[in-house]
file my_file.cif (mmCIF, N, CA and C atoms)
data_coords
loop_
_atom_site.group_PDB
_atom_site.id
_atom_site.type_symbol
_atom_site.label_atom_id
_atom_site.label_comp_id
_atom_site.auth_asym_id
_atom_site.auth_seq_id
_atom_site.Cartn_x
_atom_site.Cartn_y
_atom_site.Cartn_z
ATOM 1 N N MET A 1 3.315 -8.548 12.564
ATOM 2 C CA MET A 1 3.463 -8.534 11.127
ATOM 3 C C MET A 1 4.112 -7.211 10.736
ATOM 4 N N ASN A 2 5.105 -7.256 9.907
ATOM 5 C CA ASN A 2 5.808 -6.064 9.452
ATOM 6 C C ASN A 2 5.641 -5.892 7.956
ATOM 7 N N ASN A 3 5.705 -4.642 7.507
ATOM 8 C CA ASN A 3 5.751 -4.380 6.073
ATOM 9 C C ASN A 3 7.116 -4.789 5.566
ATOM 10 N N THR A 4 7.157 -5.448 4.426
ATOM 11 C CA THR A 4 8.433 -5.864 3.873
ATOM 12 C C THR A 4 9.019 -4.751 3.026
ATOM 13 N N LYS A 5 10.324 -4.667 3.011
ATOM 14 C CA LYS A 5 11.019 -3.665 2.203
ATOM 15 C C LYS A 5 10.973 -4.073 0.739
ATOM 16 N N SER A 6 10.855 -3.099 -0.116
ATOM 17 C CA SER A 6 10.818 -3.341 -1.548
ATOM 18 C C SER A 6 11.863 -2.463 -2.219
ATOM 19 N N THR A 7 12.638 -3.042 -3.109
ATOM 20 C CA THR A 7 13.651 -2.261 -3.825
ATOM 21 C C THR A 7 13.043 -1.526 -5.017
ATOM 22 N N ARG A 8 11.842 -1.917 -5.451
ATOM 23 C CA ARG A 8 11.218 -1.313 -6.623
ATOM 24 C C ARG A 8 10.260 -0.177 -6.272
ATOM 25 N N SER A 9 9.933 0.001 -5.014
ATOM 26 C CA SER A 9 8.991 1.035 -4.603
ATOM 27 C C SER A 9 9.714 2.348 -4.350
ATOM 28 N N ASN A 10 9.038 3.465 -4.590
ATOM 29 C CA ASN A 10 9.667 4.752 -4.331
ATOM 30 C C ASN A 10 9.619 5.131 -2.850
ATOM 31 N N THR A 11 8.935 4.330 -2.014
ATOM 32 C CA THR A 11 8.912 4.574 -0.573
ATOM 33 C C THR A 11 9.771 3.571 0.175
ATOM 34 N N GLY A 12 10.079 2.457 -0.464
ATOM 35 C CA GLY A 12 10.852 1.419 0.200
ATOM 36 C C GLY A 12 9.983 0.359 0.845
ATOM 37 N N TYR A 13 8.654 0.499 0.784
ATOM 38 C CA TYR A 13 7.745 -0.473 1.381
ATOM 39 C C TYR A 13 6.855 -1.079 0.312
ATOM 40 N N LYS A 14 6.593 -2.354 0.447
ATOM 41 C CA LYS A 14 5.787 -3.086 -0.523
ATOM 42 C C LYS A 14 4.357 -2.537 -0.548
ATOM 43 N N ASP A 15 3.835 -2.312 -1.741
ATOM 44 C CA ASP A 15 2.460 -1.873 -1.989
ATOM 45 C C ASP A 15 2.129 -0.485 -1.451
ATOM 46 N N ILE A 16 3.127 0.330 -1.112
ATOM 47 C CA ILE A 16 2.906 1.724 -0.718
ATOM 48 C C ILE A 16 3.716 2.596 -1.675
ATOM 49 N N THR A 17 3.023 3.488 -2.396
ATOM 50 C CA THR A 17 3.660 4.305 -3.413
ATOM 51 C C THR A 17 3.339 5.771 -3.174
ATOM 52 N N LEU A 18 4.326 6.629 -3.317
ATOM 53 C CA LEU A 18 4.100 8.062 -3.231
ATOM 54 C C LEU A 18 3.611 8.554 -4.585
ATOM 55 N N ARG A 19 2.393 9.100 -4.602
ATOM 56 C CA ARG A 19 1.812 9.632 -5.829
ATOM 57 C C ARG A 19 1.991 11.143 -5.835
ATOM 58 N N LYS A 20 2.808 11.624 -6.761
ATOM 59 C CA LYS A 20 3.027 13.062 -6.894
ATOM 60 C C LYS A 20 1.890 13.636 -7.732
ATOM 61 N N ARG A 21 1.204 14.640 -7.174
ATOM 62 C CA ARG A 21 0.042 15.204 -7.830
ATOM 63 C C ARG A 21 0.289 16.680 -8.120
ATOM 64 N N THR A 22 0.107 17.080 -9.359
ATOM 65 C CA THR A 22 0.358 18.449 -9.787
ATOM 66 C C THR A 22 -0.686 19.385 -9.186
ATOM 67 N N GLY A 23 -0.226 20.422 -8.500
ATOM 68 C CA GLY A 23 -1.124 21.416 -7.949
ATOM 69 C C GLY A 23 -1.807 21.025 -6.657
ATOM 70 N N ARG A 24 -1.572 19.813 -6.176
ATOM 71 C CA ARG A 24 -2.194 19.356 -4.938
ATOM 72 C C ARG A 24 -1.147 18.673 -4.082
ATOM 73 N N LYS A 25 -1.496 18.390 -2.840
ATOM 74 C CA LYS A 25 -0.588 17.730 -1.912
ATOM 75 C C LYS A 25 -0.351 16.284 -2.343
ATOM 76 N N ASP A 26 0.909 15.838 -2.277
ATOM 77 C CA ASP A 26 1.242 14.451 -2.617
ATOM 78 C C ASP A 26 0.614 13.499 -1.605
ATOM 79 N N LYS A 27 0.256 12.302 -2.061
ATOM 80 C CA LYS A 27 -0.390 11.304 -1.208
ATOM 81 C C LYS A 27 0.336 9.966 -1.330
ATOM 82 N N PHE A 28 0.256 9.176 -0.268
ATOM 83 C CA PHE A 28 0.773 7.818 -0.278
ATOM 84 C C PHE A 28 -0.391 6.883 -0.592
ATOM 85 N N GLU A 29 -0.290 6.178 -1.723
ATOM 86 C CA GLU A 29 -1.330 5.242 -2.138
ATOM 87 C C GLU A 29 -0.978 3.854 -1.620
ATOM 88 N N THR A 30 -1.942 3.231 -0.957
ATOM 89 C CA THR A 30 -1.711 1.925 -0.352
ATOM 90 C C THR A 30 -2.603 0.880 -1.001
ATOM 91 N N ARG A 31 -1.998 -0.223 -1.383
ATOM 92 C CA ARG A 31 -2.712 -1.350 -1.979
ATOM 93 C C ARG A 31 -2.247 -2.635 -1.306
ATOM 94 N N LEU A 32 -2.986 -3.695 -1.540
ATOM 95 C CA LEU A 32 -2.611 -5.011 -1.040
ATOM 96 C C LEU A 32 -2.676 -5.981 -2.209
ATOM 97 N N THR A 33 -1.595 -6.694 -2.453
ATOM 98 C CA THR A 33 -1.557 -7.675 -3.522
ATOM 99 C C THR A 33 -1.844 -9.044 -2.928
ATOM 100 N N ILE A 34 -2.867 -9.717 -3.473
ATOM 101 C CA ILE A 34 -3.273 -11.031 -2.993
ATOM 102 C C ILE A 34 -2.959 -12.048 -4.077
ATOM 103 N N LYS A 35 -2.187 -13.059 -3.722
ATOM 104 C CA LYS A 35 -1.843 -14.103 -4.685
ATOM 105 C C LYS A 35 -3.042 -15.024 -4.894
ATOM 106 N N THR A 36 -3.310 -15.349 -6.164
ATOM 107 C CA THR A 36 -4.415 -16.246 -6.503
ATOM 108 C C THR A 36 -3.871 -17.448 -7.262
ATOM 109 N N LYS A 37 -4.719 -18.422 -7.462
ATOM 110 C CA LYS A 37 -4.291 -19.626 -8.177
ATOM 111 C C LYS A 37 -4.109 -19.364 -9.665
ATOM 112 N N SER A 38 -4.823 -18.380 -10.191
ATOM 113 C CA SER A 38 -4.670 -18.056 -11.609
ATOM 114 C C SER A 38 -3.342 -17.323 -11.810
ATOM 115 N N THR A 39 -3.047 -16.989 -13.039
ATOM 116 C CA THR A 39 -1.763 -16.358 -13.342
ATOM 117 C C THR A 39 -1.699 -14.914 -12.872
ATOM 118 N N LYS A 40 -2.847 -14.238 -12.682
ATOM 119 C CA LYS A 40 -2.858 -12.847 -12.255
ATOM 120 C C LYS A 40 -3.056 -12.752 -10.749
ATOM 121 N N ASN A 41 -2.383 -11.791 -10.136
ATOM 122 C CA ASN A 41 -2.596 -11.494 -8.731
ATOM 123 C C ASN A 41 -3.636 -10.388 -8.621
ATOM 124 N N GLU A 42 -4.424 -10.427 -7.565
ATOM 125 C CA GLU A 42 -5.446 -9.413 -7.331
ATOM 126 C C GLU A 42 -4.864 -8.277 -6.513
ATOM 127 N N GLN A 43 -5.198 -7.043 -6.859
ATOM 128 C CA GLN A 43 -4.786 -5.889 -6.066
ATOM 129 C C GLN A 43 -6.018 -5.235 -5.475
ATOM 130 N N VAL A 44 -5.966 -4.991 -4.156
ATOM 131 C CA VAL A 44 -7.062 -4.352 -3.439
ATOM 132 C C VAL A 44 -6.591 -2.966 -3.015
ATOM 133 N N PHE A 45 -7.354 -1.937 -3.386
ATOM 134 C CA PHE A 45 -7.028 -0.565 -3.019
ATOM 135 C C PHE A 45 -7.449 -0.330 -1.576
ATOM 136 N N ILE A 46 -6.524 0.170 -0.743
ATOM 137 C CA ILE A 46 -6.823 0.447 0.661
ATOM 138 C C ILE A 46 -7.131 1.927 0.857
ATOM 139 N N GLY A 47 -6.321 2.812 0.291
ATOM 140 C CA GLY A 47 -6.604 4.234 0.430
ATOM 141 C C GLY A 47 -5.416 5.114 0.122
ATOM 142 N N ASN A 48 -5.663 6.428 0.170
ATOM 143 C CA ASN A 48 -4.624 7.441 0.006
ATOM 144 C C ASN A 48 -4.432 8.125 1.346
ATOM 145 N N PHE A 49 -3.176 8.324 1.745
ATOM 146 C CA PHE A 49 -2.876 8.889 3.051
ATOM 147 C C PHE A 49 -1.851 10.005 2.928
ATOM 148 N N ASP A 50 -1.877 10.930 3.903
ATOM 149 C CA ASP A 50 -1.004 12.094 3.858
ATOM 150 C C ASP A 50 0.439 11.790 4.226
ATOM 151 N N ASP A 51 0.660 10.795 5.108
ATOM 152 C CA ASP A 51 2.037 10.496 5.515
ATOM 153 C C ASP A 51 2.297 8.991 5.478
ATOM 154 N N LEU A 52 3.575 8.644 5.442
ATOM 155 C CA LEU A 52 3.998 7.258 5.286
ATOM 156 C C LEU A 52 3.631 6.403 6.496
ATOM 157 N N GLU A 53 3.768 6.945 7.692
ATOM 158 C CA GLU A 53 3.465 6.171 8.902
ATOM 159 C C GLU A 53 1.997 5.756 8.943
ATOM 160 N N THR A 54 1.099 6.654 8.567
ATOM 161 C CA THR A 54 -0.328 6.330 8.532
ATOM 162 C C THR A 54 -0.610 5.265 7.481
ATOM 163 N N ALA A 55 0.032 5.369 6.336
ATOM 164 C CA ALA A 55 -0.157 4.390 5.267
ATOM 165 C C ALA A 55 0.292 2.998 5.717
ATOM 166 N N LYS A 56 1.440 2.921 6.408
ATOM 167 C CA LYS A 56 1.928 1.632 6.896
ATOM 168 C C LYS A 56 0.974 1.045 7.933
ATOM 169 N N THR A 57 0.503 1.883 8.855
ATOM 170 C CA THR A 57 -0.403 1.428 9.910
ATOM 171 C C THR A 57 -1.722 0.934 9.334
ATOM 172 N N GLU A 58 -2.291 1.667 8.394
ATOM 173 C CA GLU A 58 -3.566 1.269 7.801
ATOM 174 C C GLU A 58 -3.443 -0.015 6.992
ATOM 175 N N ARG A 59 -2.320 -0.212 6.333
ATOM 176 C CA ARG A 59 -2.102 -1.459 5.581
ATOM 177 C C ARG A 59 -2.054 -2.650 6.528
ATOM 178 N N ILE A 60 -1.354 -2.494 7.648
ATOM 179 C CA ILE A 60 -1.259 -3.576 8.640
ATOM 180 C C ILE A 60 -2.645 -3.858 9.238
ATOM 181 N N ASN A 61 -3.411 -2.811 9.566
ATOM 182 C CA ASN A 61 -4.752 -2.997 10.119
ATOM 183 C C ASN A 61 -5.675 -3.692 9.134
ATOM 184 N N PHE A 62 -5.558 -3.363 7.853
ATOM 185 C CA PHE A 62 -6.383 -3.993 6.826
ATOM 186 C C PHE A 62 -6.065 -5.485 6.725
ATOM 187 N N ILE A 63 -4.785 -5.831 6.773
ATOM 188 C CA ILE A 63 -4.384 -7.231 6.701
ATOM 189 C C ILE A 63 -4.913 -7.996 7.911
ATOM 190 N N LYS A 64 -4.824 -7.398 9.101
ATOM 191 C CA LYS A 64 -5.337 -8.046 10.315
ATOM 192 C C LYS A 64 -6.830 -8.290 10.242
ATOM 193 N N GLN A 65 -7.588 -7.379 9.611
ATOM 194 C CA GLN A 65 -9.030 -7.550 9.467
ATOM 195 C C GLN A 65 -9.359 -8.706 8.520
ATOM 196 N N LEU A 66 -8.515 -8.920 7.513
ATOM 197 C CA LEU A 66 -8.765 -10.015 6.574
ATOM 198 C C LEU A 66 -8.536 -11.373 7.194
ATOM 199 N N PHE A 67 -7.493 -11.470 8.034
ATOM 200 C CA PHE A 67 -7.132 -12.759 8.587
ATOM 201 C C PHE A 67 -7.360 -12.735 10.059
#
call {"tool": "encode", "arguments": {"input": "my_file.cif", "output": "structure tokens"}}
result
Amino acid sequence: MNNTKSTRSNTGYKDITLRKRTGRKDKFETRLTIKTKSTKNEQVFIGNFDDLETAKTERINFIKQLF
């Protein structure tokens, strides 16, 4: 399973966003969007990580644990 590329993300990966924090180290915030039958999709927070590679790996591991 691979992370899909996103044109709307500031990192280029779906559900991984670089959060710029004033006065502190920037973090990569990772979420998972789950499609539901209702009109709204659910977002699950996975965590904040120091680098992009760790964020991608943790997102993949989280998905594997769900399914």
call {"tool": "resolve_selection", "arguments": {"input": "my_file.cif", "expression": "the PyMOL selection byres ((chain A and resi 45) around 8)", "output": "list in words"}}
result
Glu29, Thr30, Arg31, Leu32, Thr33, Glu42, Gln43, Val44, Ile46, Gly47 and Asn48 of chain A
call {"tool": "atom_distance", "arguments": {"input": "my_file.cif", "atom1": "atom C of A:Asp15", "atom2": "atom CA of A:Lys64"}}
result
15.9 Å
call {"tool": "atom_distance", "arguments": {"input": "my_file.cif", "atom1": "atom C of A:Thr11", "atom2": "atom C of A:Lys25"}}
result
16.4 Å
call {"tool": "atom_distance", "arguments": {"input": "my_file.cif", "atom1": "atom CA of A:Ile34", "atom2": "atom CA of A:Leu66"}}
result
11.1 Å
call {"tool": "residues_around", "arguments": {"input": "my_file.cif", "residues": "A:Asp50", "least_positions_apart": "6", "cutoff": "6 Å", "atoms": "all atoms listed in the file", "output": "PDB file with N, CA and C atoms, in the frame of the given file"}}
result
ATOM      1  N   ASP A  26       0.909  15.838  -2.277  1.00  0.00           N
ATOM      2  CA  ASP A  26       1.242  14.451  -2.617  1.00  0.00           C
ATOM      3  C   ASP A  26       0.614  13.499  -1.605  1.00  0.00           C
ATOM      4  N   LYS A  27       0.256  12.302  -2.061  1.00  0.00           N
ATOM      5  CA  LYS A  27      -0.390  11.304  -1.208  1.00  0.00           C
ATOM      6  C   LYS A  27       0.336   9.966  -1.330  1.00  0.00           C
ATOM      7  N   PHE A  28       0.256   9.176  -0.268  1.00  0.00           N
ATOM      8  CA  PHE A  28       0.773   7.818  -0.278  1.00  0.00           C
ATOM      9  C   PHE A  28      -0.391   6.883  -0.592  1.00  0.00           C
TER      10      PHE A  28
END
call {"tool": "select_by_dssp", "arguments": {"input": "my_file.cif", "residues": "stretch 12-56 of chain A", "states": "alpha helix (DSSP H)", "output": "VMD selection string"}}
result
chain A and resid 52 to 56
call {"tool": "axis_aligned_box", "arguments": {"input": "my_file.cif", "around": "stretch 19-23 of chain A", "padding_each_side": "6 Å", "output": "JSON"}}
result
{"center_x": 0.6, "center_y": 15.3, "center_z": -7.2, "size_x": 16.8, "size_y": 24.3, "size_z": 17.2}
call {"tool": "select_by_dssp", "arguments": {"input": "my_file.cif", "residues": "chain A", "states": "strand (DSSP E or B)", "output": "list in words"}}
result
Lys5, Tyr13, Ile16, Thr17, Leu18, Arg19, Lys27, Phe28, Glu29, Thr30, Arg31, Leu32, Thr33, Ile34, Glu42, Gln43, Val44, Phe45, Ile46, Gly47, Asn48 and Phe49 of chain A
call {"tool": "write_last_selection", "arguments": {"input": "my_file.cif", "atoms": "N, CA and C atoms", "output": "short mmCIF file (atom, residue, chain, number, x, y, z; two decimals), in the coordinates of the input"}}
result
data_model
loop_
_atom_site.label_atom_id
_atom_site.label_comp_id
_atom_site.auth_asym_id
_atom_site.auth_seq_id
_atom_site.Cartn_x
_atom_site.Cartn_y
_atom_site.Cartn_z
N LYS A 5 10.32 -4.67 3.01
CA LYS A 5 11.02 -3.66 2.20
C LYS A 5 10.97 -4.07 0.74
N TYR A 13 8.65 0.50 0.78
CA TYR A 13 7.74 -0.47 1.38
C TYR A 13 6.86 -1.08 0.31
N ILE A 16 3.13 0.33 -1.11
CA ILE A 16 2.91 1.72 -0.72
C ILE A 16 3.72 2.60 -1.68
N THR A 17 3.02 3.49 -2.40
CA THR A 17 3.66 4.30 -3.41
C THR A 17 3.34 5.77 -3.17
N LEU A 18 4.33 6.63 -3.32
CA LEU A 18 4.10 8.06 -3.23
C LEU A 18 3.61 8.55 -4.58
N ARG A 19 2.39 9.10 -4.60
CA ARG A 19 1.81 9.63 -5.83
C ARG A 19 1.99 11.14 -5.84
N LYS A 27 0.26 12.30 -2.06
CA LYS A 27 -0.39 11.30 -1.21
C LYS A 27 0.34 9.97 -1.33
N PHE A 28 0.26 9.18 -0.27
CA PHE A 28 0.77 7.82 -0.28
C PHE A 28 -0.39 6.88 -0.59
N GLU A 29 -0.29 6.18 -1.72
CA GLU A 29 -1.33 5.24 -2.14
C GLU A 29 -0.98 3.85 -1.62
N THR A 30 -1.94 3.23 -0.96
CA THR A 30 -1.71 1.92 -0.35
C THR A 30 -2.60 0.88 -1.00
N ARG A 31 -2.00 -0.22 -1.38
CA ARG A 31 -2.71 -1.35 -1.98
C ARG A 31 -2.25 -2.64 -1.31
N LEU A 32 -2.99 -3.70 -1.54
CA LEU A 32 -2.61 -5.01 -1.04
C LEU A 32 -2.68 -5.98 -2.21
N THR A 33 -1.60 -6.69 -2.45
CA THR A 33 -1.56 -7.68 -3.52
C THR A 33 -1.84 -9.04 -2.93
N ILE A 34 -2.87 -9.72 -3.47
CA ILE A 34 -3.27 -11.03 -2.99
C ILE A 34 -2.96 -12.05 -4.08
N GLU A 42 -4.42 -10.43 -7.56
CA GLU A 42 -5.45 -9.41 -7.33
C GLU A 42 -4.86 -8.28 -6.51
N GLN A 43 -5.20 -7.04 -6.86
CA GLN A 43 -4.79 -5.89 -6.07
C GLN A 43 -6.02 -5.24 -5.48
N VAL A 44 -5.97 -4.99 -4.16
CA VAL A 44 -7.06 -4.35 -3.44
C VAL A 44 -6.59 -2.97 -3.02
N PHE A 45 -7.35 -1.94 -3.39
CA PHE A 45 -7.03 -0.56 -3.02
C PHE A 45 -7.45 -0.33 -1.58
N ILE A 46 -6.52 0.17 -0.74
CA ILE A 46 -6.82 0.45 0.66
C ILE A 46 -7.13 1.93 0.86
N GLY A 47 -6.32 2.81 0.29
CA GLY A 47 -6.60 4.23 0.43
C GLY A 47 -5.42 5.11 0.12
N ASN A 48 -5.66 6.43 0.17
CA ASN A 48 -4.62 7.44 0.01
C ASN A 48 -4.43 8.12 1.35
N PHE A 49 -3.18 8.32 1.74
CA PHE A 49 -2.88 8.89 3.05
C PHE A 49 -1.85 10.01 2.93
#
